[in-house]
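Single-structure report; data block below.
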Amino acid sequence: MKFIFHPDAEEELNDTVDYYEQCETGLGEDFGAEVFAAIRNILSYPKSWPILDGDARRCLTNRFPHGIIYSIEPEFIYVLAVMHLHRRPDYWKRRR
(Lines give C-alpha, C1' and ligand atoms only; values in the text may rest on other atoms or scores of the structure.)
Protein backbone atom coordinates (compact mmCIF):
# COMPACT_ATOMS: atom_id res chain seq x y z
CA MET A 1 0.00 0.00 0.00
CA LYS A 2 1.16 3.56 -0.64
CA PHE A 3 0.38 6.90 0.99
CA ILE A 4 -0.52 10.34 -0.30
CA PHE A 5 -0.36 13.64 1.56
CA HIS A 6 -3.14 16.19 1.44
CA PRO A 7 -1.34 19.33 0.13
CA ASP A 8 -1.89 21.14 3.45
CA ALA A 9 -0.54 18.16 5.40
CA GLU A 10 2.62 18.15 3.30
CA GLU A 11 3.02 21.87 3.96
CA GLU A 12 2.54 21.26 7.71
CA LEU A 13 5.24 18.62 7.64
CA ASN A 14 7.69 20.87 5.80
CA ASP A 15 6.95 23.88 8.01
CA THR A 16 7.40 21.82 11.17
CA VAL A 17 10.67 20.32 9.93
CA ASP A 18 11.90 23.87 9.24
CA TYR A 19 10.75 25.06 12.69
CA TYR A 20 12.52 22.25 14.55
CA GLU A 21 15.64 22.72 12.43
CA GLN A 22 15.73 26.40 13.45
CA CYS A 23 15.44 25.35 17.10
CA GLU A 24 18.37 22.94 16.89
CA THR A 25 20.40 21.60 13.99
CA GLY A 26 19.32 18.05 13.18
CA LEU A 27 16.08 18.25 15.14
CA GLY A 28 14.04 18.89 12.00
CA GLU A 29 15.53 15.81 10.39
CA ASP A 30 14.69 13.83 13.53
CA PHE A 31 11.10 15.05 13.34
CA GLY A 32 10.82 14.05 9.69
CA ALA A 33 12.19 10.61 10.51
CA GLU A 34 9.61 10.21 13.32
CA VAL A 35 6.76 11.17 10.98
CA PHE A 36 7.86 8.69 8.33
CA ALA A 37 8.33 5.96 10.96
CA ALA A 38 4.73 6.58 12.05
CA ILE A 39 3.58 6.42 8.42
CA ARG A 40 5.44 3.11 7.95
CA ASN A 41 3.57 1.76 10.99
CA ILE A 42 0.28 3.00 9.54
CA LEU A 43 1.03 1.29 6.23
CA SER A 44 1.78 -1.98 8.03
CA TYR A 45 -1.21 -1.84 10.40
CA PRO A 46 -3.67 0.75 9.08
CA LYS A 47 -6.55 -0.16 11.40
CA SER A 48 -4.48 -0.22 14.60
CA TRP A 49 -5.05 3.39 15.63
CA PRO A 50 -8.23 4.87 17.05
CA ILE A 51 -10.87 6.54 14.94
CA LEU A 52 -11.19 10.25 15.71
CA ASP A 53 -14.07 11.27 13.50
CA GLY A 54 -15.85 9.45 10.70
CA ASP A 55 -13.14 7.37 9.04
CA ALA A 56 -10.18 9.51 10.18
CA ARG A 57 -7.65 7.89 12.51
CA ARG A 58 -4.67 9.24 14.45
CA CYS A 59 -1.25 7.71 14.96
CA LEU A 60 1.05 9.51 17.41
CA THR A 61 4.74 10.15 16.87
CA ASN A 62 7.02 8.87 19.62
CA ARG A 63 9.29 11.77 20.39
CA PHE A 64 7.32 14.85 19.36
CA PRO A 65 3.84 16.10 20.36
CA HIS A 66 2.37 15.44 16.93
CA GLY A 67 -0.11 13.05 15.40
CA ILE A 68 -0.64 11.80 11.87
CA ILE A 69 -4.31 12.08 10.93
CA TYR A 70 -5.17 9.73 8.08
CA SER A 71 -7.93 7.83 6.34
CA ILE A 72 -7.79 4.41 4.76
CA GLU A 73 -8.73 4.61 1.09
CA PRO A 74 -9.12 1.58 -1.19
CA GLU A 75 -5.72 2.03 -2.86
CA PHE A 76 -3.74 4.20 -0.42
CA ILE A 77 -3.47 5.88 2.97
CA TYR A 78 -4.48 9.53 2.74
CA VAL A 79 -2.55 11.70 5.24
CA LEU A 80 -4.91 14.52 6.15
CA ALA A 81 -2.73 16.31 8.71
CA VAL A 82 0.55 16.30 10.58
CA MET A 83 -0.88 18.07 13.59
CA HIS A 84 0.49 19.42 16.83
CA LEU A 85 -1.44 17.74 19.62
CA HIS A 86 -1.90 20.87 21.73
CA ARG A 87 -3.21 23.29 19.08
CA ARG A 88 -6.55 23.62 17.28
CA PRO A 89 -7.63 19.98 17.51
CA ASP A 90 -10.34 19.98 14.82
CA TYR A 91 -8.88 22.19 12.08
CA TRP A 92 -8.12 19.24 9.79
CA LYS A 93 -11.76 18.13 9.49
CA ARG A 94 -12.38 20.48 6.54
CA ARG A 95 -9.79 18.53 4.51
CA ARG A 96 -11.92 15.44 3.93
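We label chains A, B, ... in the order they appear in the C-alpha coordinates, count residues from 1 in each chain, and number ligands from 1 in the order shown.
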To test your reading of the structure, identify every residue in range 14-64 of chain A that backbone DSSP assigns to strand (DSSP E), and report it as an MDAnalysis selection string. chainID A and resid 51:53 56:60
Write out as a ChimeraX atom specification each polymer residue whose atoms come within 12 Å of range 41-45 of chain A, counting only C-alpha atoms; drop sequence neighbours fewer than 6 positions from it. /A:1-4,34-35,57-62,67-73,75-79
Which neighbours of range 12-25 of chain A fall inside 10 Å, counting only C-alpha atoms, when residues of the same chain fewer than 5 positions from it are skipped, and could you give them as a PDB file with N, CA and C atoms, in the first residue's frame?
ATOM      1  N   PHE A   5      -0.110  12.514   0.665  1.00  0.00           N
ATOM      2  CA  PHE A   5      -0.363  13.645   1.562  1.00  0.00           C
ATOM      3  C   PHE A   5      -1.415  14.573   0.970  1.00  0.00           C
ATOM      4  N   HIS A   6      -2.324  15.033   1.798  1.00  0.00           N
ATOM      5  CA  HIS A   6      -3.136  16.191   1.440  1.00  0.00           C
ATOM      6  C   HIS A   6      -2.139  17.338   1.285  1.00  0.00           C
ATOM      7  N   PRO A   7      -2.320  18.246   0.322  1.00  0.00           N
ATOM      8  CA  PRO A   7      -1.338  19.331   0.132  1.00  0.00           C
ATOM      9  C   PRO A   7      -1.067  20.138   1.399  1.00  0.00           C
ATOM     10  N   ASP A  30      15.228  14.817  12.587  1.00  0.00           N
ATOM     11  CA  ASP A  30      14.695  13.826  13.527  1.00  0.00           C
ATOM     12  C   ASP A  30      13.167  13.800  13.487  1.00  0.00           C
ATOM     13  N   PHE A  31      12.553  14.986  13.422  1.00  0.00           N
ATOM     14  CA  PHE A  31      11.096  15.052  13.345  1.00  0.00           C
ATOM     15  C   PHE A  31      10.600  14.367  12.069  1.00  0.00           C
ATOM     16  N   GLY A  32      11.209  14.682  10.949  1.00  0.00           N
ATOM     17  CA  GLY A  32      10.819  14.051   9.690  1.00  0.00           C
ATOM     18  C   GLY A  32      10.929  12.535   9.767  1.00  0.00           C
ATOM     19  N   ALA A  33      12.000  12.050  10.371  1.00  0.00           N
ATOM     20  CA  ALA A  33      12.186  10.606  10.513  1.00  0.00           C
ATOM     21  C   ALA A  33      11.087   9.995  11.381  1.00  0.00           C
ATOM     22  N   VAL A  35       8.006  11.154  11.757  1.00  0.00           N
ATOM     23  CA  VAL A  35       6.765  11.173  10.983  1.00  0.00           C
ATOM     24  C   VAL A  35       6.749  10.004  10.005  1.00  0.00           C
ATOM     25  N   HIS A  66       3.079  15.353  18.206  1.00  0.00           N
ATOM     26  CA  HIS A  66       2.368  15.440  16.926  1.00  0.00           C
ATOM     27  C   HIS A  66       1.664  14.119  16.631  1.00  0.00           C
ATOM     28  N   ILE A  68      -0.366  11.926  13.299  1.00  0.00           N
ATOM     29  CA  ILE A  68      -0.638  11.803  11.872  1.00  0.00           C
ATOM     30  C   ILE A  68      -2.122  11.441  11.752  1.00  0.00           C
ATOM     31  N   ALA A  81      -3.395  15.281   7.905  1.00  0.00           N
ATOM     32  CA  ALA A  81      -2.730  16.310   8.708  1.00  0.00           C
ATOM     33  C   ALA A  81      -1.537  15.723   9.445  1.00  0.00           C
ATOM     34  N   VAL A  82      -0.556  16.573   9.664  1.00  0.00           N
ATOM     35  CA  VAL A  82       0.551  16.305  10.577  1.00  0.00           C
ATOM     36  C   VAL A  82       0.375  17.373  11.644  1.00  0.00           C
ATOM     37  N   MET A  83      -0.409  17.039  12.670  1.00  0.00           N
ATOM     38  CA  MET A  83      -0.884  18.068  13.594  1.00  0.00           C
ATOM     39  C   MET A  83      -0.175  18.062  14.940  1.00  0.00           C
ATOM     40  N   HIS A  84       0.014  19.250  15.461  1.00  0.00           N
ATOM     41  CA  HIS A  84       0.493  19.422  16.830  1.00  0.00           C
ATOM     42  C   HIS A  84      -0.654  19.046  17.749  1.00  0.00           C
TER      43      HIS A  84
END
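Of the listed residues A:Phe64, A:Lys93, A:Leu27, A:Ile39, the one whose atoms come nearest to Leu52 in chain A is A:Lys93, with distances taken using only C-alpha atoms.
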In terms of the shortest atom-to-atom distance over only C-alpha atoms, which of A:Pro74, A:Ala56, A:Pro65, A:Ala38 is closest to Trp92 in chain A?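 When distances to Trp92 in chain A are compared using only C-alpha atoms, the smallest one comes from A:Ala56.
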With DSSP run on the backbone, what are the helix (DSSP H, G or I) residues within chain A? I'd like them as a VMD selection string. chain A and resid 7 to 23 27 to 44 91 to 95
CA of Arg63 in chain A and CA of Arg95 in chain A are how many Å apart? 25.7 Å
Point-to-point distance in Å for CA of Asp90 in chain A and CA of Ala9 in chain A: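 For CA of Ala9 in chain A relative to CA of Asp90 in chain A, the distance reads 13.7 Å.
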